[in-house]
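Student: What follows is the file protein09.cif, containing mmCIF, C-alpha atoms:
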data_work
#
loop_
_atom_site.label_atom_id
_atom_site.label_comp_id
_atom_site.auth_asym_id
_atom_site.auth_seq_id
_atom_site.Cartn_x
_atom_site.Cartn_y
_atom_site.Cartn_z
CA LEU A 3 -12.83 8.27 -0.97
CA THR A 4 -9.51 10.08 -1.51
CA SER A 5 -7.64 7.44 0.47
CA LEU A 6 -9.20 4.51 -1.42
CA SER A 7 -8.63 6.23 -4.77
CA VAL A 8 -4.97 6.87 -3.92
CA LEU A 9 -4.55 3.24 -2.86
CA ALA A 10 -6.15 2.04 -6.10
CA LEU A 11 -3.76 4.18 -8.17
CA MET A 12 -0.77 2.97 -6.12
CA SER A 13 -1.85 -0.65 -6.65
CA HIS A 14 -0.98 -0.09 -10.34
CA GLY A 15 2.58 0.87 -9.36
CA SER A 16 2.40 4.66 -9.21
CA THR A 17 3.85 6.31 -6.11
CA ASP A 18 3.94 9.78 -4.55
CA GLY A 19 4.90 11.92 -7.57
CA ARG A 20 6.17 9.05 -9.72
CA GLY A 21 4.60 6.79 -12.31
CA PRO A 22 1.70 7.31 -14.73
CA TYR A 23 -0.61 8.42 -11.89
CA GLY A 24 2.10 9.89 -9.68
CA GLU A 25 0.68 13.42 -9.85
CA GLN A 26 -2.77 12.27 -8.75
CA VAL A 27 -1.26 10.22 -5.92
CA ARG A 28 0.80 13.20 -4.80
CA LYS A 29 -2.22 15.50 -4.72
CA GLY A 30 -4.25 12.92 -2.80
CA ILE A 31 -1.50 12.47 -0.22
CA ASP A 32 -1.17 16.27 0.08
CA PHE A 33 -4.89 16.50 0.86
CA LEU A 34 -4.64 13.87 3.61
CA VAL A 35 -1.52 15.46 5.12
CA ARG A 36 -3.17 18.88 5.21
CA LEU A 37 -6.09 17.52 7.22
CA ILE A 38 -3.67 16.88 10.08
CA LYS A 39 -1.08 19.64 9.58
CA GLU A 40 -3.64 22.41 9.12
CA ARG A 41 -5.87 21.31 11.95
CA GLN A 42 -8.68 23.74 12.64
CA PRO A 43 -8.60 25.38 16.09
CA GLY A 44 -11.21 24.49 18.65
CA LEU A 45 -11.76 20.88 17.59
CA SER A 46 -12.27 18.38 20.38
CA TRP A 47 -10.97 15.43 18.34
CA HIS A 48 -7.51 13.95 18.78
CA GLU A 49 -4.72 15.73 16.93
CA GLY A 50 -4.24 12.87 14.46
CA TYR A 51 -7.88 12.59 13.37
CA PHE A 52 -8.51 13.13 9.63
CA TYR A 53 -11.33 15.61 10.06
CA HIS A 54 -12.97 17.55 7.24
CA PRO A 55 -15.96 19.83 7.96
CA GLN A 56 -17.84 18.73 4.80
CA ASP A 57 -17.36 15.02 5.46
CA ARG A 58 -20.14 13.45 7.53
CA SER A 59 -19.55 9.87 6.43
CA SER A 60 -15.91 8.78 6.74
CA ARG A 61 -15.23 9.17 10.45
CA MET A 62 -13.14 6.27 11.81
CA HIS A 63 -13.57 4.22 8.64
CA GLY A 64 -11.82 7.07 6.86
CA GLN A 65 -9.21 7.19 9.61
CA GLY A 66 -8.22 3.62 8.88
CA PHE A 67 -8.12 4.04 5.10
CA ALA A 68 -6.19 7.34 5.33
CA THR A 69 -3.66 5.78 7.70
CA LEU A 70 -3.24 2.87 5.29
CA ALA A 71 -2.75 5.22 2.32
CA LEU A 72 -0.10 7.31 4.10
CA ALA A 73 1.73 4.25 5.40
CA THR A 74 1.82 2.85 1.87
CA ALA A 75 3.12 6.14 0.46
CA LEU A 76 5.77 6.45 3.17
CA GLY A 77 7.83 3.56 1.83
CA ASN A 78 8.63 5.38 -1.43
CA SER A 79 9.11 8.88 -0.02
CA THR A 80 12.45 10.48 0.81
CA GLY A 81 13.93 13.50 2.58
CA ARG A 82 11.60 16.22 3.82
CA ARG A 83 8.59 14.54 2.25
CA HIS A 84 9.30 11.33 4.17
CA ARG A 85 9.57 13.22 7.46
CA GLU A 86 6.35 15.11 6.75
CA ILE A 87 4.31 11.97 6.01
CA ARG A 88 5.85 10.07 8.91
CA ASP A 89 5.02 12.84 11.38
CA VAL A 90 1.39 12.91 10.26
CA LEU A 91 1.21 9.11 10.25
CA GLN A 92 2.50 8.84 13.81
CA LYS A 93 -0.23 11.22 14.96
CA ALA A 94 -2.84 9.21 13.05
CA VAL A 95 -1.69 5.99 14.74
CA ALA A 96 -1.78 7.66 18.17
CA CYS A 97 -5.35 8.81 17.45
CA ILE A 98 -6.40 5.25 16.64
CA GLU A 99 -4.76 3.85 19.75
CA GLN A 100 -6.44 6.45 21.97
CA SER A 101 -9.83 5.68 20.41
CA GLN A 102 -9.98 1.98 21.30
CA THR A 103 -12.91 1.19 23.57
CA VAL A 104 -12.77 -0.95 26.71
CA THR A 105 -14.16 -3.85 24.65
CA GLY A 106 -11.13 -3.81 22.35
CA GLY A 107 -13.21 -2.64 19.39
CA PHE A 108 -13.53 0.77 17.76
CA GLY A 109 -16.52 3.03 17.13
CA TYR A 110 -17.44 5.55 14.47
CA ASP A 111 -15.86 8.50 16.30
CA PRO A 112 -12.29 8.86 17.65
CA VAL A 113 -13.31 8.44 21.29
CA PRO A 114 -13.01 5.45 23.65
CA GLY A 115 -16.74 5.51 24.38
CA GLY A 116 -19.38 2.81 24.49
CA GLU A 117 -19.92 2.54 20.73
CA HIS A 118 -17.99 -0.19 18.92
CA GLU A 119 -18.46 -2.36 15.85
CA GLY A 120 -16.59 -4.81 13.67
CA SER A 121 -16.18 -2.98 10.36
CA VAL A 122 -14.42 0.00 11.96
CA THR A 123 -12.22 -2.35 14.00
CA VAL A 124 -11.21 -4.06 10.76
CA THR A 125 -10.48 -0.82 8.92
CA VAL A 126 -8.20 0.60 11.59
CA ALA A 127 -6.43 -2.78 11.73
CA GLN A 128 -5.30 -2.18 8.15
CA GLY A 129 -3.86 1.21 9.05
CA LEU A 130 -2.08 -0.10 12.14
CA ARG A 131 -0.53 -3.06 10.31
CA ALA A 132 0.68 -0.93 7.40
CA SER A 133 2.12 1.63 9.80
CA ARG A 134 3.96 -1.02 11.75
CA ASP A 135 5.35 -2.49 8.53
CA ALA A 136 6.50 1.02 7.55
CA GLY A 137 8.57 1.24 10.75
CA LEU A 138 6.28 3.09 13.14
CA SER A 139 5.65 2.05 16.71
CA VAL A 140 2.26 0.45 17.34
CA ASN A 141 1.07 -0.52 20.82
CA GLU A 142 1.00 -4.32 21.00
CA ARG A 143 -1.76 -4.23 23.61
CA VAL A 144 -4.04 -2.47 21.14
CA ILE A 145 -3.42 -5.32 18.69
CA ARG A 146 -4.19 -8.05 21.24
CA ARG A 147 -7.39 -6.37 22.38
CA GLY A 148 -8.55 -5.85 18.80
CA LEU A 149 -8.08 -9.55 18.05
CA HIS A 150 -9.95 -10.50 21.21
CA TYR A 151 -12.86 -8.26 20.22
CA LEU A 152 -13.16 -9.85 16.79
CA LYS A 153 -12.88 -13.37 18.14
CA ARG A 154 -15.76 -12.74 20.54
CA SER A 155 -17.86 -11.51 17.61
CA GLN A 156 -17.95 -14.89 15.87
CA LYS A 157 -21.21 -16.86 15.86
CA ALA A 158 -21.75 -20.61 15.93
CA ASP A 159 -22.15 -20.79 12.13
CA GLY A 160 -18.70 -19.23 11.63
CA SER A 161 -19.96 -15.79 10.61
CA PHE A 162 -19.02 -12.57 12.42
CA LYS A 163 -21.48 -10.17 13.97
CA TYR A 164 -21.74 -6.45 13.31
CA SER A 165 -20.82 -5.86 16.95
CA LEU A 166 -20.84 -7.65 20.27
CA HIS A 167 -24.32 -6.23 20.91
CA LEU A 168 -25.94 -7.04 17.54
CA GLU A 169 -26.49 -10.54 16.18
CA ARG A 170 -26.63 -9.46 12.52
CA SER A 171 -23.81 -11.03 10.52
CA SER A 172 -22.88 -11.17 6.85
CA TYR A 173 -20.43 -12.34 4.19
CA ALA A 174 -18.85 -8.88 4.14
CA LEU A 175 -18.34 -8.60 7.89
CA THR A 176 -17.03 -12.15 8.12
CA ALA A 177 -14.53 -11.68 5.30
CA ALA A 178 -13.35 -8.40 6.83
CA ALA A 179 -12.91 -9.99 10.26
CA ILE A 180 -10.90 -12.91 8.90
CA SER A 181 -8.64 -10.56 6.94
CA SER A 182 -7.95 -8.76 10.21
CA PHE A 183 -6.76 -11.89 11.94
CA PHE A 184 -4.02 -12.06 9.33
CA LEU A 185 -3.39 -8.31 9.59
CA TYR A 186 -3.05 -8.57 13.37
CA GLY A 187 -0.50 -11.37 12.95
CA ARG A 188 -2.68 -14.44 13.61
CA TYR A 189 -1.70 -16.72 10.72
CA THR A 190 -2.39 -20.11 12.29
CA ASP A 191 -5.83 -21.18 13.42
CA ASP A 192 -6.84 -21.76 17.03
CA ARG A 193 -8.55 -24.74 18.66
CA GLU A 194 -11.97 -23.30 17.79
CA ARG A 195 -10.99 -23.14 14.09
CA THR A 196 -11.95 -19.46 14.04
CA ILE A 197 -10.34 -18.71 10.69
CA GLN A 198 -11.45 -21.90 8.92
CA ARG A 199 -15.06 -21.58 10.08
CA GLY A 200 -15.14 -17.95 8.94
CA LEU A 201 -13.76 -18.78 5.51
CA ASP A 202 -16.13 -21.74 5.17
CA PHE A 203 -19.05 -19.41 5.89
CA CYS A 204 -17.83 -17.04 3.15
CA MET A 205 -17.60 -19.90 0.65
CA LYS A 206 -21.17 -20.98 1.44
CA SER A 207 -22.43 -17.40 1.14
CA MET A 208 -21.12 -16.57 -2.33
CA ASN A 209 -24.29 -17.56 -4.17
CA GLU A 210 -26.37 -15.34 -1.91
CA VAL A 211 -23.98 -12.44 -2.49
CA LEU A 212 -24.33 -12.86 -6.25
CA ARG A 213 -28.10 -12.90 -5.87
CA THR A 214 -28.66 -10.00 -3.46
CA ARG A 215 -25.57 -7.83 -4.25
CA ARG A 216 -25.61 -6.46 -0.68
CA TRP A 217 -22.22 -4.97 0.27
CA TYR A 218 -20.93 -6.57 -2.93
CA TYR A 219 -17.74 -4.55 -3.51
CA TYR A 220 -16.81 -4.08 0.13
CA GLY A 221 -17.41 -7.76 0.88
CA ASN A 222 -15.50 -9.11 -2.10
CA PHE A 223 -12.57 -6.81 -1.40
CA TYR A 224 -12.12 -8.37 2.03
CA ALA A 225 -13.01 -11.89 0.90
CA ALA A 226 -10.32 -11.75 -1.79
CA TRP A 227 -7.84 -10.38 0.72
CA ALA A 228 -8.62 -13.08 3.30
CA CYS A 229 -8.53 -15.93 0.78
CA TRP A 230 -5.30 -14.69 -0.78
CA GLN A 231 -3.64 -14.52 2.64
CA LYS A 232 -4.86 -18.02 3.49
CA ASP A 233 -3.77 -19.98 0.42
CA GLY A 234 -3.31 -17.62 -2.52
CA GLY A 235 -1.02 -18.40 -5.42
CA ARG A 236 -2.85 -21.46 -6.71
CA TRP A 237 -5.09 -20.60 -9.66
CA ASP A 238 -6.23 -24.02 -10.83
CA ASP A 239 -9.67 -25.23 -9.87
CA ASP A 240 -8.29 -28.61 -8.85
CA ALA A 241 -6.54 -26.99 -5.90
CA ARG A 242 -9.96 -26.27 -4.37
CA GLY A 243 -8.37 -23.90 -1.93
CA TYR A 244 -10.22 -20.88 -0.65
CA TRP A 245 -8.51 -18.54 -3.11
CA ALA A 246 -9.21 -20.77 -6.14
CA ARG A 247 -12.88 -21.16 -5.19
CA TRP A 248 -13.39 -17.45 -4.54
CA TYR A 249 -11.57 -16.45 -7.72
CA ASP A 250 -13.47 -18.87 -9.95
CA ARG A 251 -16.85 -17.71 -8.61
CA MET A 252 -16.40 -13.98 -8.13
CA VAL A 253 -13.79 -12.54 -10.48
CA PRO A 254 -15.73 -13.22 -13.71
CA ASP A 255 -18.76 -11.52 -12.15
CA ILE A 256 -16.72 -8.49 -11.07
CA LEU A 257 -15.26 -8.14 -14.56
CA ARG A 258 -18.70 -8.38 -16.17
CA LYS A 259 -19.96 -5.53 -14.02
CA GLN A 260 -17.41 -2.99 -15.29
CA ARG A 261 -18.93 -0.31 -17.56
CA ARG A 262 -17.52 0.50 -20.98
CA THR A 263 -15.91 3.73 -19.78
CA GLY A 264 -14.09 1.89 -16.98
CA TYR A 265 -16.14 2.49 -13.83
CA TRP A 266 -18.18 0.20 -11.59
CA GLU A 267 -21.45 1.21 -9.99
CA ASP A 268 -23.42 -0.12 -7.04
CA SER A 269 -27.15 -0.17 -7.67
CA VAL A 270 -27.93 -1.65 -4.24
CA ASP A 271 -25.75 0.21 -1.70
CA GLN A 272 -25.57 3.58 -3.43
CA PHE A 273 -25.29 6.02 -0.51
CA GLU A 274 -23.76 9.30 -1.71
CA PHE A 275 -20.58 7.72 -3.04
CA LYS A 276 -21.86 7.04 -6.58
CA GLU A 277 -19.23 5.28 -8.73
CA ILE A 278 -16.02 6.21 -6.90
CA LEU A 279 -16.31 3.79 -3.98
CA PRO A 280 -17.22 0.63 -5.95
CA THR A 281 -14.61 1.45 -8.61
CA ALA A 282 -11.84 1.87 -6.03
CA PHE A 283 -12.84 -1.33 -4.24
CA ALA A 284 -13.06 -3.27 -7.53
CA VAL A 285 -9.61 -2.12 -8.66
CA LEU A 286 -8.08 -2.96 -5.27
CA THR A 287 -9.77 -6.36 -5.25
CA LEU A 288 -8.41 -7.29 -8.67
CA ALA A 289 -4.95 -5.96 -7.72
CA ILE A 290 -4.53 -8.12 -4.60
CA PRO A 291 -2.63 -11.00 -6.27
CA ASP A 292 -0.23 -8.53 -7.91
CA GLU A 293 1.00 -7.68 -4.39
CA VAL A 294 2.18 -4.23 -5.47
CA LEU A 295 0.85 -2.79 -2.21
CA PRO A 296 2.85 -4.17 0.74
CA ILE A 297 -0.34 -4.77 2.75
CA PHE A 298 -1.42 -7.40 0.20
CA GLN A 299 1.80 -9.41 0.34
CA ARG A 300 1.56 -12.89 1.83
#
For the structure just supplied, provide its representation as structure tokens.

Tutor:
Amino acid sequence: LTSLSVLALMSHGSTDGRGPYGEQVRKGIDFLVRLIKERQPGLSWHEGYFYHPQDRSSRMHGQGFATLALATALGNSTGRRHREIRDVLQKAVACIEQSQTVTGGFGYDPVPGGEHEGSVTVTVAQGLRASRDAGLSVNERVIRRGLHYLKRSQKADGSFKYSLHLERSSYALTAAAISSFFLYGRYTDDRERTIQRGLDFCMKSMNEVLRTRRWYYYGNFYAAWACWQKDGGRWDDDARGYWARWYDRMVPDILRKQRRTGYWEDSVDQFEFKEILPTAFAVLTLAIPDEVLPIFQR
């Protein structure tokens, strides 16, 4: 939650200690850095794992978002602060690399065990890409194996499965997987039309998403990201590109769902996150075409 909130504030243009929300960004980055620098003794996790004893939910999803937040902050940091963030970030990247399973995917915990699933694989892809763009070394083999895992997760209808072992697929998982192909450097489609079939599935699923609201904010965050990377920049309906179709259908609905005091809430997938998670995802989704965050740039 801290990582996503920091990213949302940075998407407005604030940086570590600078801008209208610079103080909040700085405090959020400090919290993430302390999780690695002040590592508790006796932990069996890798040194670069963002562990907090009161957090039972984030796990490797949080690892990916925290890595992305620090990599984004690194670009505007200088001097001792830059070295501090970079040192922590390098450990976080090493933790991710050491946690990849033999399948090429990633599981909920930072261990290369038998558990693996698509949403974690997507989230750590964001952190790895941002870290590489910030100048850190990322193992190319990890990237290739992650892409291979996602490709094998696609079903005949173009959607992507939760994992190689589970047939359940969705708009959210498919959008996230497609965004990762771009993050991992696969910009052109293959002979199986992996990217096009995935995006076509997302386009056909939008009405169902509006009806059921399942994984609404998470799914639209990744769908917007994937569509923007594919053909963003055209806003007119006549273009009929993926971005124009997604924007015309989803953005008005997202805007209508904002409450008068500024927050968004998720009445379907509430968990324990209340309003913070949907609000952060909604802000980040709407900020994608601004391209303030380097990870959103086409």

Student: Would you kindly return, as a CSV table (one decimal) with C-alpha atoms, keeping the file's coordinate frame, each protein, DNA or RNA residue with an atom no farther than 9 Å from any atom of A:Gln231, considering all atoms listed in the file and excluding same-chain residues fewer than 4 positions away?

Tutor:
chain,number,residue,atom,x,y,z
A,181,SER,CA,-8.6,-10.6,6.9
A,184,PHE,CA,-4.0,-12.1,9.3
A,189,TYR,CA,-1.7,-16.7,10.7
A,226,ALA,CA,-10.3,-11.8,-1.8
A,227,TRP,CA,-7.8,-10.4,0.7
A,245,TRP,CA,-8.5,-18.5,-3.1
A,298,PHE,CA,-1.4,-7.4,0.2
A,299,GLN,CA,1.8,-9.4,0.3
A,300,ARG,CA,1.6,-12.9,1.8

Student: For this structure, which residues satisfy the selection - the PyMOL selection byres ((chain A and resi 98) around 9) - when it is evaluated on the file as given? I want them as a list in words.

Tutor: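 With the PyMOL selection byres ((chain A and resi 98) around 9) on this model, the match is Gly50, Tyr51, Met62, Gln65, Gly66, Lys93, Ala94, Val95, Ala96, Cys97, Glu99, Gln100, Ser101, Gln102, Phe108, Pro112, Val113, Val126, Gly129 and Leu130 of chain A.
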
Student: Got time to write the residues from that selection, C-alpha atoms, as a PDB file, in the frame of the given file?

Tutor:
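What landed in part-v5.pdb:
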ATOM      1  CA  GLY A  50      -4.240  12.870  14.460  1.00  0.00           C
ATOM      2  CA  TYR A  51      -7.880  12.590  13.370  1.00  0.00           C
ATOM      3  CA  MET A  62     -13.140   6.270  11.810  1.00  0.00           C
ATOM      4  CA  GLN A  65      -9.210   7.190   9.610  1.00  0.00           C
ATOM      5  CA  GLY A  66      -8.220   3.620   8.880  1.00  0.00           C
ATOM      6  CA  LYS A  93      -0.230  11.220  14.960  1.00  0.00           C
ATOM      7  CA  ALA A  94      -2.840   9.210  13.050  1.00  0.00           C
ATOM      8  CA  VAL A  95      -1.690   5.990  14.740  1.00  0.00           C
ATOM      9  CA  ALA A  96      -1.780   7.660  18.170  1.00  0.00           C
ATOM     10  CA  CYS A  97      -5.350   8.810  17.450  1.00  0.00           C
ATOM     11  CA  GLU A  99      -4.760   3.850  19.750  1.00  0.00           C
ATOM     12  CA  GLN A 100      -6.440   6.450  21.970  1.00  0.00           C
ATOM     13  CA  SER A 101      -9.830   5.680  20.410  1.00  0.00           C
ATOM     14  CA  GLN A 102      -9.980   1.980  21.300  1.00  0.00           C
ATOM     15  CA  PHE A 108     -13.530   0.770  17.760  1.00  0.00           C
ATOM     16  CA  PRO A 112     -12.290   8.860  17.650  1.00  0.00           C
ATOM     17  CA  VAL A 113     -13.310   8.440  21.290  1.00  0.00           C
ATOM     18  CA  VAL A 126      -8.200   0.600  11.590  1.00  0.00           C
ATOM     19  CA  GLY A 129      -3.860   1.210   9.050  1.00  0.00           C
ATOM     20  CA  LEU A 130      -2.080  -0.100  12.140  1.00  0.00           C
TER      21      LEU A 130
END

Student: In terms of the shortest atom-to-atom distance over only C-alpha atoms, which of A:Arg41, A:His48, A:Arg20, A:Arg134 is closest to A:Ser79?

Tutor: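 Ranked by minimum distance to A:Ser79, first place goes to A:Arg20.
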
Student: Using all atoms listed in the file, find the one residue out of A:Ser161, A:Ser121, A:Thr190, A:Thr214 that sits nearest to A:Asp202.

Tutor: A:Ser161

Student: Please provide the set of residues having any atom within 10 Å of A:Asp32, restricted to all atoms listed in the file, with same-chain residues fewer than 5 positions apart removed, written as a PyMOL selection string.

Tutor: chain A and resi 18+26-27+37+72+87

Student: Take atom CA of A:Gly19 and atom CA of A:Ala284 and report the distance between them in Å, one decimal.

Tutor: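 Atom-to-atom, atom CA of A:Gly19 to atom CA of A:Ala284, that is 23.5 Å.
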